[in-house]
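Peer 1: See data07.txt below, with compact mmCIF, C-alpha atoms.
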```
# COMPACT_ATOMS: atom_id res chain seq x y z
CA MET L 6 -131.98 -50.03 151.99
CA ILE L 7 -129.87 -47.36 153.72
CA ARG L 8 -126.81 -48.54 151.82
CA ARG L 9 -128.73 -47.99 148.57
CA LEU L 10 -129.86 -44.53 149.63
CA LEU L 11 -126.26 -43.59 150.37
CA HIS L 12 -124.87 -45.10 147.17
CA PRO L 13 -122.20 -42.87 145.54
CA TRP L 14 -124.15 -42.86 142.27
CA LEU L 15 -127.12 -41.22 144.01
CA THR L 16 -124.95 -38.97 146.18
CA VAL L 17 -123.09 -37.44 143.25
CA ARG L 18 -126.38 -36.59 141.53
CA ALA L 19 -127.89 -35.18 144.71
CA GLN L 20 -124.78 -33.03 145.23
CA ILE L 21 -124.85 -31.67 141.71
CA ALA L 22 -128.60 -31.00 141.76
CA LEU L 23 -128.42 -29.24 145.11
CA GLY L 24 -125.35 -27.26 144.10
CA ALA L 25 -126.88 -26.19 140.79
CA VAL L 26 -130.08 -24.98 142.47
CA PHE L 27 -128.09 -22.87 144.93
CA VAL L 28 -125.84 -21.41 142.24
CA ALA L 29 -128.93 -20.53 140.18
CA ALA L 30 -130.60 -18.99 143.24
CA ALA L 31 -127.53 -16.92 144.10
CA LEU L 32 -126.93 -15.25 140.74
CA PRO L 33 -130.00 -12.93 140.56
CA LYS L 34 -129.43 -11.88 144.17
CA LEU L 35 -125.77 -11.11 143.48
CA ILE L 36 -126.82 -8.89 140.61
CA ASP L 37 -129.37 -6.95 142.68
CA PRO L 38 -128.53 -6.73 146.41
CA PRO L 39 -131.04 -3.88 147.09
CA GLY L 40 -133.85 -6.04 145.70
CA PHE L 41 -132.82 -8.92 147.95
CA ALA L 42 -132.61 -6.57 150.96
CA GLU L 43 -136.18 -5.49 150.26
CA ALA L 44 -137.24 -9.14 150.00
CA ILE L 45 -135.67 -9.90 153.40
CA TRP L 46 -137.30 -6.82 154.92
CA ASN L 47 -140.69 -7.87 153.58
CA TYR L 48 -140.58 -11.00 155.76
CA GLN L 49 -140.62 -8.67 158.79
CA LEU L 50 -138.53 -11.06 160.83
CA ALA L 51 -134.89 -9.99 160.65
CA PRO L 52 -133.69 -7.13 162.84
CA ALA L 53 -132.98 -3.97 160.84
CA TRP L 54 -129.22 -4.06 161.48
CA LEU L 55 -128.99 -7.52 159.92
CA ILE L 56 -130.84 -6.88 156.66
CA HIS L 57 -128.12 -5.24 154.59
CA PRO L 58 -125.26 -7.53 155.73
CA ALA L 59 -127.47 -10.57 155.07
CA ALA L 60 -128.49 -9.28 151.64
CA LEU L 61 -124.84 -8.78 150.72
CA THR L 62 -123.39 -11.99 152.17
CA LEU L 63 -126.04 -14.71 151.78
CA PRO L 64 -125.93 -14.83 147.96
CA TRP L 65 -122.16 -15.29 148.02
CA LEU L 66 -122.49 -18.03 150.64
CA GLU L 67 -125.09 -19.75 148.46
CA LEU L 68 -122.85 -19.44 145.41
CA LEU L 69 -119.75 -20.77 147.17
CA CYS L 70 -121.58 -23.68 148.81
CA GLY L 71 -123.38 -24.53 145.58
CA ALA L 72 -120.14 -24.45 143.62
CA ALA L 73 -118.37 -26.55 146.27
CA LEU L 74 -121.09 -29.22 146.03
CA CYS L 75 -120.98 -29.26 142.24
CA LEU L 76 -117.19 -29.66 142.33
CA GLY L 77 -117.26 -32.21 145.16
CA ALA L 78 -114.99 -30.13 147.39
CA TRP L 79 -115.60 -29.49 151.11
CA THR L 80 -118.82 -31.42 150.69
CA ARG L 81 -119.78 -31.75 154.36
CA ALA L 82 -119.16 -28.11 155.20
CA ALA L 83 -121.05 -26.89 152.12
CA ALA L 84 -123.97 -29.28 152.67
CA ALA L 85 -124.17 -28.27 156.33
CA TRP L 86 -124.39 -24.57 155.38
CA ILE L 87 -127.03 -25.33 152.77
CA ALA L 88 -129.08 -27.37 155.24
CA ALA L 89 -128.85 -24.53 157.77
CA LEU L 90 -129.90 -21.95 155.17
CA LEU L 91 -132.82 -24.12 154.07
CA LEU L 92 -134.00 -24.44 157.67
CA VAL L 93 -133.87 -20.65 158.05
CA PHE L 94 -135.78 -20.11 154.79
CA MET L 95 -138.41 -22.68 155.75
CA THR L 96 -138.87 -21.15 159.19
CA ALA L 97 -139.30 -17.68 157.69
CA LEU L 98 -141.83 -18.93 155.15
CA SER L 99 -143.74 -20.94 157.78
CA ILE L 100 -143.99 -18.02 160.21
CA ASN L 101 -145.34 -15.72 157.50
CA LEU L 102 -147.77 -18.36 156.28
CA ALA L 103 -148.95 -18.93 159.84
CA ARG L 104 -149.60 -15.24 160.42
CA ASN L 105 -151.17 -14.85 156.99
CA HIS L 106 -148.62 -12.34 155.76
CA PRO L 107 -148.09 -13.07 152.05
CA VAL L 108 -144.61 -12.20 150.84
CA ASP L 109 -142.64 -12.71 147.66
CA CYS L 110 -140.27 -15.57 148.37
CA GLY L 111 -137.19 -13.77 147.04
CA CYS L 112 -135.61 -17.22 146.69
CA PHE L 113 -134.46 -16.59 143.12
CA GLY L 114 -134.18 -12.80 143.29
CA ALA L 115 -136.76 -10.04 143.45
CA ALA L 116 -140.20 -10.86 142.06
CA THR L 117 -141.22 -9.12 138.85
CA GLY L 118 -144.74 -7.80 138.42
CA ALA L 119 -147.49 -7.30 140.97
CA ARG L 120 -149.13 -10.43 142.32
CA SER L 121 -152.19 -10.97 144.43
CA ALA L 122 -152.08 -12.19 148.03
CA VAL L 123 -153.59 -15.52 146.98
CA GLU L 124 -150.88 -16.04 144.36
CA ARG L 125 -148.21 -15.17 146.89
CA VAL L 126 -149.57 -17.63 149.46
CA ALA L 127 -149.66 -20.36 146.80
CA ASP L 128 -146.06 -19.56 145.85
CA MET L 129 -144.99 -19.63 149.50
CA ARG L 130 -146.49 -23.11 149.96
CA TRP L 131 -144.75 -24.29 146.82
CA ALA L 132 -141.45 -22.76 147.99
CA LEU L 133 -141.83 -24.50 151.35
CA LEU L 134 -142.34 -27.84 149.62
CA ARG L 135 -139.37 -27.22 147.32
CA ASP L 136 -137.15 -26.31 150.29
CA LEU L 137 -138.23 -29.51 152.04
CA GLY L 138 -137.16 -31.52 148.98
CA LEU L 139 -133.82 -29.71 148.90
CA LEU L 140 -133.37 -30.37 152.61
CA VAL L 141 -133.82 -34.09 151.95
CA LEU L 142 -131.09 -33.88 149.31
CA ALA L 143 -128.80 -32.02 151.74
CA ALA L 144 -129.44 -34.66 154.40
CA GLN L 145 -128.58 -37.40 151.90
CA VAL L 146 -125.29 -35.70 150.99
CA LEU L 147 -124.38 -35.19 154.64
CA ALA L 148 -125.26 -38.77 155.59
CA ALA L 149 -123.33 -40.19 152.63
CA ALA L 150 -120.27 -38.09 153.51
CA SER L 151 -120.44 -39.27 157.13
CA ALA L 152 -120.81 -42.92 156.08
CA LYS L 153 -117.86 -42.58 153.70
CA ARG L 154 -115.75 -41.18 156.51
CA ARG L 155 -116.62 -44.11 158.80
CA ASP L 156 -115.71 -46.70 156.14
CA MET W 9 -107.06 -32.54 163.97
CA PRO W 10 -110.47 -34.25 164.46
CA LYS W 11 -112.57 -34.46 161.34
CA SER W 12 -115.47 -32.51 162.87
CA ALA W 13 -113.12 -29.63 163.77
CA SER W 14 -111.80 -29.67 160.24
CA ASP W 15 -115.37 -29.44 158.90
CA LEU W 16 -116.11 -26.53 161.22
CA LEU W 17 -113.02 -24.71 159.99
CA LYS W 18 -114.07 -25.31 156.40
CA ALA W 19 -117.57 -23.99 157.11
CA LEU W 20 -116.09 -20.87 158.72
CA ALA W 21 -113.72 -20.48 155.77
CA LEU W 22 -116.70 -20.55 153.38
CA LEU W 23 -118.37 -17.80 155.42
CA ALA W 24 -115.16 -15.75 155.49
CA VAL W 25 -114.71 -16.03 151.73
CA ALA W 26 -118.37 -15.07 151.23
CA LEU W 27 -117.86 -11.97 153.40
CA VAL W 28 -114.73 -10.95 151.48
CA CYS W 29 -116.44 -11.48 148.12
CA ALA W 30 -119.48 -9.53 149.29
CA GLY W 31 -117.29 -6.65 150.45
CA LEU W 32 -115.33 -6.48 147.21
CA ALA W 33 -118.42 -6.84 145.01
CA ASN W 34 -120.24 -4.13 146.93
CA ARG W 35 -117.25 -1.82 146.68
CA TRP W 36 -117.16 -2.17 142.91
CA ALA W 37 -120.93 -2.20 142.39
CA GLY W 38 -122.65 0.60 140.50
CA PRO W 39 -124.76 3.12 142.42
CA GLY W 40 -128.04 1.30 141.71
CA ARG W 41 -126.70 -1.96 143.12
CA LYS W 42 -124.72 -0.80 146.12
CA LEU W 43 -125.87 -1.30 149.73
CA GLU W 44 -124.49 0.28 152.87
CA TRP W 45 -123.30 -2.44 155.27
CA THR W 46 -124.66 -0.49 158.21
CA GLY W 47 -127.48 1.22 156.36
CA TRP W 48 -130.13 0.96 159.00
CA ALA W 49 -131.89 3.36 161.29
CA PRO W 50 -133.77 2.93 164.56
CA GLN W 51 -137.52 3.29 164.45
CA PRO W 52 -138.16 7.04 164.43
CA VAL W 53 -140.56 8.60 166.93
CA ARG W 54 -143.29 9.99 164.73
CA PRO W 55 -146.89 11.15 164.92
CA GLN W 56 -149.37 8.37 164.32
CA PRO W 57 -151.09 8.26 160.92
CA ALA W 58 -154.88 8.32 160.81
CA ALA W 59 -155.31 4.76 159.64
CA PRO W 60 -153.64 2.15 161.85
CA ALA W 61 -150.76 0.70 159.89
CA PRO W 62 -149.71 -2.94 160.32
CA PRO W 63 -146.72 -3.34 162.64
CA GLN W 64 -143.45 -3.25 160.78
CA PRO W 65 -139.88 -3.75 161.88
CA PRO W 66 -137.55 -0.76 161.79
CA ALA W 67 -136.84 0.11 158.21
CA PRO W 68 -133.24 -0.23 157.05
CA ALA W 69 -132.72 3.16 155.49
CA PRO W 70 -130.08 3.00 152.79
CA ALA W 71 -127.71 5.73 153.77
CA ILE W 72 -129.96 8.74 153.84
CA GLN W 73 -127.99 10.93 156.16
CA ALA W 74 -128.92 14.43 155.12
CA ALA W 75 -129.23 16.89 157.94
CA ALA W 76 -132.70 17.51 159.35
CA LYS W 77 -134.37 20.36 157.60
CA PRO W 78 -135.40 23.26 159.83
CA ALA W 79 -139.08 24.07 159.62
CA SER W 80 -138.29 27.68 158.78
CA LEU W 81 -136.65 26.74 155.51
CA GLY W 82 -139.85 27.40 153.64
CA LYS W 83 -139.51 28.80 150.18
CA VAL W 84 -142.54 29.14 148.00
CA ALA W 85 -145.68 28.29 149.96
CA HIS W 86 -148.03 26.18 147.88
CA PRO W 87 -151.74 26.94 147.82
CA LYS W 88 -153.76 25.01 150.39
CA LYS W 89 -157.50 25.01 150.51
CA PRO W 90 -158.93 24.26 153.97
CA ASP W 91 -161.49 21.82 152.57
CA SER W 92 -159.10 20.08 150.19
CA PRO W 93 -157.28 16.84 150.97
CA PHE W 94 -154.12 18.95 151.17
CA ALA W 95 -155.06 20.96 154.23
CA PRO W 96 -152.14 20.36 156.63
CA SER W 97 -152.78 18.25 159.68
CA PRO W 98 -150.25 18.49 162.53
CA GLN W 99 -151.46 15.17 163.93
CA GLU W 100 -151.04 13.30 160.65
CA VAL W 101 -147.84 14.17 158.88
CA ILE W 102 -148.15 11.04 156.74
CA ARG W 103 -151.52 10.44 155.09
CA GLU W 104 -152.83 8.31 152.27
CA ILE W 105 -154.65 9.99 149.40
CA SER W 106 -156.92 8.64 146.72
CA SER W 107 -156.31 8.56 143.00
CA ALA W 108 -158.50 11.65 142.45
CA ALA W 109 -156.64 13.60 145.14
CA ALA W 110 -153.33 12.62 143.58
CA TRP W 111 -154.50 13.99 140.25
CA GLU W 112 -155.63 17.22 141.93
CA ALA W 113 -152.23 17.49 143.61
CA TYR W 114 -150.54 16.97 140.25
CA GLN W 115 -152.57 19.78 138.71
CA LEU W 116 -151.65 22.03 141.64
CA LYS W 117 -147.99 21.21 140.80
CA PHE W 118 -147.10 19.69 144.16
CA PRO W 119 -143.86 17.67 143.91
CA PHE W 120 -144.16 13.92 143.29
CA LEU W 121 -141.47 11.57 144.61
CA ASP W 122 -141.11 8.07 143.18
CA ALA W 123 -139.87 5.58 145.81
CA ARG W 124 -139.47 2.64 143.43
CA ARG W 125 -136.19 1.24 142.14
CA SER W 126 -134.35 3.47 139.68
CA SER W 127 -134.77 0.87 136.92
CA GLU W 128 -138.55 0.99 137.39
CA PHE W 129 -138.46 4.80 137.36
CA GLU W 130 -136.55 4.79 134.09
CA ALA W 131 -139.09 2.42 132.56
CA GLY W 132 -141.91 4.85 133.35
CA HIS W 133 -142.97 7.37 135.97
CA VAL W 134 -145.33 10.23 136.71
CA ALA W 135 -144.26 13.07 134.43
CA GLY W 136 -142.15 15.51 136.40
CA ALA W 137 -141.65 13.13 139.35
CA TRP W 138 -138.36 12.88 141.22
CA SER W 139 -136.74 9.48 141.67
CA VAL W 140 -135.79 8.61 145.25
CA PRO W 141 -135.21 4.82 145.20
CA ILE W 142 -135.47 4.12 148.90
CA TRP W 143 -133.63 0.77 148.69
CA GLU W 144 -130.64 2.19 146.85
CA THR W 145 -127.74 4.24 148.15
CA LEU W 146 -128.68 6.76 145.49
CA ALA W 147 -131.60 7.86 147.65
CA ALA W 148 -129.58 10.27 149.82
CA ALA W 149 -128.10 12.04 146.81
CA ARG W 150 -131.50 12.17 145.12
CA ILE W 151 -133.10 13.85 148.13
CA THR W 152 -130.28 16.39 148.20
CA GLU W 153 -130.77 17.00 144.47
CA PHE W 154 -134.53 17.34 144.94
CA GLU W 155 -134.02 19.89 147.70
CA ALA W 156 -131.48 21.85 145.68
CA ARG W 157 -133.47 21.97 142.47
CA ALA W 158 -137.11 21.97 143.59
CA ASN W 159 -136.69 24.08 146.71
CA PRO W 160 -139.57 22.33 148.50
CA ASP W 161 -141.43 23.95 151.38
CA PRO W 162 -141.17 21.53 154.34
CA GLN W 163 -144.71 22.46 155.40
CA ALA W 164 -146.26 21.98 151.95
CA PRO W 165 -147.59 18.69 150.59
CA ILE W 166 -145.23 16.25 148.93
CA ILE W 167 -146.78 13.29 147.13
CA VAL W 168 -144.96 9.99 147.47
CA TYR W 169 -145.79 6.89 145.46
CA CYS W 170 -144.55 3.45 144.55
CA SER W 171 -146.27 0.48 142.91
CA GLY W 172 -149.57 0.60 144.78
CA GLY W 173 -151.10 -2.50 146.34
CA ASP W 174 -149.06 -3.63 149.32
CA CYS W 175 -145.94 -1.75 148.21
CA ALA W 176 -144.36 -0.26 151.34
CA ASP W 177 -141.59 1.76 149.68
CA SER W 178 -143.58 5.01 149.59
CA ARG W 179 -144.32 4.73 153.31
CA LEU W 180 -140.63 4.09 154.05
CA LEU W 181 -139.68 7.16 152.03
CA ALA W 182 -142.36 9.25 153.72
CA LYS W 183 -141.02 8.24 157.15
CA LYS W 184 -137.53 9.19 156.05
CA LEU W 185 -138.73 12.60 154.85
CA VAL W 186 -140.45 13.18 158.19
CA GLU W 187 -137.08 12.54 159.86
CA LEU W 188 -135.61 15.17 157.55
CA GLY W 189 -138.14 17.76 158.66
CA TYR W 190 -140.97 17.53 156.14
CA ARG W 191 -144.41 17.80 157.67
CA ASP W 192 -147.02 16.96 155.01
CA LEU W 193 -146.39 13.68 153.23
CA LEU W 194 -149.22 12.34 151.09
CA ILE W 195 -148.96 8.72 149.99
CA TYR W 196 -150.63 8.07 146.66
CA ARG W 197 -152.20 4.79 147.75
CA ASP W 198 -152.80 3.18 144.36
CA GLY W 199 -149.43 4.23 143.00
CA PHE W 200 -148.03 4.23 139.51
CA PRO W 201 -150.12 1.31 138.11
CA ASP W 202 -153.25 3.38 138.79
CA TRP W 203 -151.66 6.43 137.14
CA VAL W 204 -150.93 4.39 134.03
CA ARG W 205 -154.41 2.82 134.01
CA LEU W 206 -156.01 6.24 134.03
CA GLY W 207 -153.81 7.50 131.22
CA ARG W 208 -152.34 10.39 133.17
CA PRO W 209 -149.11 12.14 132.09
CA GLN W 210 -146.12 9.84 132.14
CA ALA W 211 -142.48 10.03 131.19
CA SER W 212 -139.67 7.53 130.90
CA GLY W 213 -135.91 7.57 131.29
CA ALA W 214 -133.83 9.17 134.00
CA ARG W 215 -134.76 12.66 135.11
CA PRO W 216 -132.62 15.24 133.23
```
What would the structure in this file look like if it were written as structure tokens?

Peer 2:
Amino acid sequence: MIRRLLHPWLTVRAQIALGAVFVAAALPKLIDPPGFAEAIWNYQLAPAWLIHPAALTLPWLELLCGAALCLGAWTRAAAAWIAALLLVFMTALSINLARNHPVDCGCFGAATGARSAVERVADMRWALLRDLGLLVLAAQVLAAASAKRRD
Amino acid sequence: MPKSASDLLKALALLAVALVCAGLANRWAGPGRKLEWTGWAPQPVRPQPAAPAPPQPPAPAPAIQAAAKPASLGKVAHPKKPDSPFAPSPQEVIREISSAAAWEAYQLKFPFLDARRSSEFEAGHVAGAWSVPIWETLAAARITEFEARANPDPQAPIIVYCSGGDCADSRLLAKKLVELGYRDLLIYRDGFPDWVRLGRPQASGARP
């Protein structure tokens, strides 16, 4: 069963899917760093000194890791970064859901148009579920890379 | 070299490349897309507003570093009626005002500052408003321009707005103006969507 889950056929597709999602998520944030900074600030979790550096650097990290996965280069390092980023995003979403503080996810750039608190909470739950799915993909890529190294 | 150490080096290399790319991209970015790396400010000590605001972390202020305005820099004092919503209150330098009060302020020709992004301002804004996009590095220059051209009285009301609802940009801008010496900031609670809904005077494009 595990051998099937770590089959190269599946791993290549997981890598490309994960990489493509992160490249797509990075592009709108690269185009509009102030909008992403505002999105990070809205979570009310990051210290003020970290917001601008994070808004400038994270999209590039997402782009580089996504591109590395798509190209099959530095797979373990890129997948590890992506898994770490997903854990951070999921923690931030969970904390704000737990304290009933609806925020725009900001996952694919700044939100357009005003949305109600109920819509935001629904989107946050959906984003959490999506991040969980992506984390499973990242875990598969990491496990497959480790197994390949052992062989 | 052990494989795990090699992976760690690769992960650090990815971070280093991301930092370099971010630095170069930010250097070459246009004014509406630029961010100051260290554009943050400690939480200012300020008088408490009347309504208790939800706790917020210190706002990263994008490079507004104009010198504090002395209180004596008053130019043309605007009319203030004691029973109007514009009567100054030393205890509440930042207050929220209703849609009707915002309209009254507009008719009294108090200055309106738009805290939204410059692209939103260009798409539509309160006619005669000044754009001070609080999340853009342009904000500092825009405040300087506002002071130079509008000659605002630091003691007179200034109306600040953004997109209404839970938009916090107008409050961030109001806090920044308090730091710069202004003492009567009125936040138009319902913001520009309300202005549009009520068919009040609007304009579009950048301010001439």

Peer 1: Just to confirm, what's the straight-line distance from atom CA of Gln210 of chain W to atom CA of Ser107 of chain W in Å (one decimal)?

Peer 2: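 Separating atom CA of Gln210 of chain W from atom CA of Ser107 of chain W is a distance of 14.9 Å.
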
Peer 1: Between atom CA of Ala137 of chain W and atom CA of Phe120 of chain W, what distance in Å does the model show, to one decimal?

Peer 2: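 We find that atom CA of Ala137 of chain W and atom CA of Phe120 of chain W lie 4.7 Å from each other.
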
Peer 1: Using all atoms listed in the file, which of the listed residues (L:Cys75, L:Glu67, L:Ala115, L:Cys110) sits closest to Pro38 of chain L?

Peer 2: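 Of all the options, L:Ala115 lies closest to Pro38 of chain L.
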
Peer 1: If I take atom CA of Glu43 of chain L and atom CA of Ala97 of chain L, how far is one from the other in Å, to one decimal?

Peer 2: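 Distance reported for this atom pair: 14.6 Å.
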
Peer 1: Taking all atoms listed in the file into account, which of W:Leu17, W:Ala95, W:Leu43, W:Lys11 comes nearest Pro58 of chain L?

Peer 2: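 Of the candidates, the smallest distance to Pro58 of chain L is held by W:Leu43.
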
Peer 1: Residues within 7 Å of segment 124-133 of chain W, please, as a ChimeraX atom specification. Count all atoms listed in the file; anything in the same chain fewer than 3 positions from it doesn't count.

Peer 2: /W:40,137,139,141-142,170,177,200,210-214

Peer 1: Could the residues in this selection be saved with C-alpha atoms as a PDB file, keeping the file's coordinate frame?

Peer 2:
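Produced file again_4.pdb, reproduced below:
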```pdb
ATOM      1  CA  GLY W  40    -128.040   1.300 141.710  1.00  0.00           C
ATOM      2  CA  ALA W 137    -141.650  13.130 139.350  1.00  0.00           C
ATOM      3  CA  SER W 139    -136.740   9.480 141.670  1.00  0.00           C
ATOM      4  CA  PRO W 141    -135.210   4.820 145.200  1.00  0.00           C
ATOM      5  CA  ILE W 142    -135.470   4.120 148.900  1.00  0.00           C
ATOM      6  CA  CYS W 170    -144.550   3.450 144.550  1.00  0.00           C
ATOM      7  CA  ASP W 177    -141.590   1.760 149.680  1.00  0.00           C
ATOM      8  CA  PHE W 200    -148.030   4.230 139.510  1.00  0.00           C
ATOM      9  CA  GLN W 210    -146.120   9.840 132.140  1.00  0.00           C
ATOM     10  CA  ALA W 211    -142.480  10.030 131.190  1.00  0.00           C
ATOM     11  CA  SER W 212    -139.670   7.530 130.900  1.00  0.00           C
ATOM     12  CA  GLY W 213    -135.910   7.570 131.290  1.00  0.00           C
ATOM     13  CA  ALA W 214    -133.830   9.170 134.000  1.00  0.00           C
TER      14      ALA W 214
END
```

Peer 1: With all atoms listed in the file as the atoms that count, which of L:Ala150, L:Ala82, L:Met129, L:Ala89 lies nearest to chain W?

Peer 2: L:Ala82

Peer 1: With distances taken over all atoms listed in the file, which residue among W:Pro165, W:Gly189, W:Gly31, W:Pro160 lies nearest Phe94 of chain W?

Peer 2: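 Looking at the shortest contact to Phe94 of chain W, the residue is W:Pro165.
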
Peer 1: Mind rebuilding segment 96-104 of chain L with all heavy atoms and writing that out as a PDB file, in the coordinates of the input?

Peer 2:
```
ATOM      1  N   THR L  96    -138.283 -21.760 157.984  1.00  0.00           N
ATOM      2  CA  THR L  96    -138.870 -21.150 159.190  1.00  0.00           C
ATOM      3  C   THR L  96    -139.496 -19.811 158.852  1.00  0.00           C
ATOM      4  O   THR L  96    -140.619 -19.504 159.287  1.00  0.00           O
ATOM      5  CB  THR L  96    -137.762 -20.962 160.262  1.00  0.00           C
ATOM      6  OG1 THR L  96    -137.127 -22.213 160.480  1.00  0.00           O
ATOM      7  CG2 THR L  96    -138.335 -20.443 161.564  1.00  0.00           C
ATOM      8  N   ALA L  97    -138.782 -19.004 158.055  1.00  0.00           N
ATOM      9  CA  ALA L  97    -139.300 -17.680 157.690  1.00  0.00           C
ATOM     10  C   ALA L  97    -140.601 -17.803 156.894  1.00  0.00           C
ATOM     11  O   ALA L  97    -141.578 -17.087 157.154  1.00  0.00           O
ATOM     12  CB  ALA L  97    -138.252 -16.917 156.885  1.00  0.00           C
ATOM     13  N   LEU L  98    -140.612 -18.728 155.955  1.00  0.00           N
ATOM     14  CA  LEU L  98    -141.830 -18.930 155.150  1.00  0.00           C
ATOM     15  C   LEU L  98    -142.981 -19.416 156.039  1.00  0.00           C
ATOM     16  O   LEU L  98    -144.122 -18.940 155.922  1.00  0.00           O
ATOM     17  CB  LEU L  98    -141.565 -19.952 154.042  1.00  0.00           C
ATOM     18  CG  LEU L  98    -140.788 -19.447 152.823  1.00  0.00           C
ATOM     19  CD1 LEU L  98    -140.297 -20.621 151.984  1.00  0.00           C
ATOM     20  CD2 LEU L  98    -141.658 -18.530 151.963  1.00  0.00           C
ATOM     21  N   SER L  99    -142.679 -20.360 156.923  1.00  0.00           N
ATOM     22  CA  SER L  99    -143.740 -20.940 157.780  1.00  0.00           C
ATOM     23  C   SER L  99    -144.337 -19.886 158.696  1.00  0.00           C
ATOM     24  O   SER L  99    -145.561 -19.833 158.872  1.00  0.00           O
ATOM     25  CB  SER L  99    -143.171 -22.085 158.618  1.00  0.00           C
ATOM     26  OG  SER L  99    -142.610 -23.048 157.786  1.00  0.00           O
ATOM     27  N   ILE L 100    -143.479 -19.048 159.280  1.00  0.00           N
ATOM     28  CA  ILE L 100    -143.990 -18.020 160.210  1.00  0.00           C
ATOM     29  C   ILE L 100    -144.923 -17.073 159.451  1.00  0.00           C
ATOM     30  O   ILE L 100    -146.007 -16.729 159.924  1.00  0.00           O
ATOM     31  CB  ILE L 100    -142.823 -17.258 160.863  1.00  0.00           C
ATOM     32  CG1 ILE L 100    -142.097 -18.172 161.853  1.00  0.00           C
ATOM     33  CG2 ILE L 100    -143.326 -15.997 161.577  1.00  0.00           C
ATOM     34  CD1 ILE L 100    -140.829 -17.584 162.439  1.00  0.00           C
ATOM     35  N   ASN L 101    -144.503 -16.660 158.251  1.00  0.00           N
ATOM     36  CA  ASN L 101    -145.340 -15.720 157.500  1.00  0.00           C
ATOM     37  C   ASN L 101    -146.611 -16.371 156.963  1.00  0.00           C
ATOM     38  O   ASN L 101    -147.646 -15.713 156.869  1.00  0.00           O
ATOM     39  CB  ASN L 101    -144.529 -15.063 156.386  1.00  0.00           C
ATOM     40  CG  ASN L 101    -143.699 -13.913 156.915  1.00  0.00           C
ATOM     41  OD1 ASN L 101    -144.223 -12.845 157.205  1.00  0.00           O
ATOM     42  ND2 ASN L 101    -142.418 -14.148 157.104  1.00  0.00           N
ATOM     43  N   LEU L 102    -146.552 -17.653 156.662  1.00  0.00           N
ATOM     44  CA  LEU L 102    -147.770 -18.360 156.280  1.00  0.00           C
ATOM     45  C   LEU L 102    -148.712 -18.458 157.477  1.00  0.00           C
ATOM     46  O   LEU L 102    -149.916 -18.239 157.359  1.00  0.00           O
ATOM     47  CB  LEU L 102    -147.439 -19.763 155.767  1.00  0.00           C
ATOM     48  CG  LEU L 102    -147.128 -19.895 154.276  1.00  0.00           C
ATOM     49  CD1 LEU L 102    -146.648 -21.307 153.968  1.00  0.00           C
ATOM     50  CD2 LEU L 102    -148.338 -19.552 153.423  1.00  0.00           C
ATOM     51  N   ALA L 103    -148.129 -18.763 158.639  1.00  0.00           N
ATOM     52  CA  ALA L 103    -148.950 -18.930 159.840  1.00  0.00           C
ATOM     53  C   ALA L 103    -149.636 -17.639 160.239  1.00  0.00           C
ATOM     54  O   ALA L 103    -150.770 -17.659 160.725  1.00  0.00           O
ATOM     55  CB  ALA L 103    -148.080 -19.450 160.985  1.00  0.00           C
ATOM     56  N   ARG L 104    -148.969 -16.511 160.034  1.00  0.00           N
ATOM     57  CA  ARG L 104    -149.600 -15.240 160.420  1.00  0.00           C
ATOM     58  C   ARG L 104    -150.272 -14.552 159.232  1.00  0.00           C
ATOM     59  O   ARG L 104    -150.584 -13.366 159.298  1.00  0.00           O
ATOM     60  CB  ARG L 104    -148.587 -14.311 161.093  1.00  0.00           C
ATOM     61  CG  ARG L 104    -147.441 -13.873 160.221  1.00  0.00           C
ATOM     62  CD  ARG L 104    -146.452 -13.046 161.028  1.00  0.00           C
ATOM     63  NE  ARG L 104    -145.346 -12.576 160.211  1.00  0.00           N
ATOM     64  CZ  ARG L 104    -144.297 -11.940 160.672  1.00  0.00           C
ATOM     65  NH1 ARG L 104    -144.183 -11.687 161.953  1.00  0.00           N
ATOM     66  NH2 ARG L 104    -143.345 -11.534 159.877  1.00  0.00           N
TER      67      ARG L 104
END
```
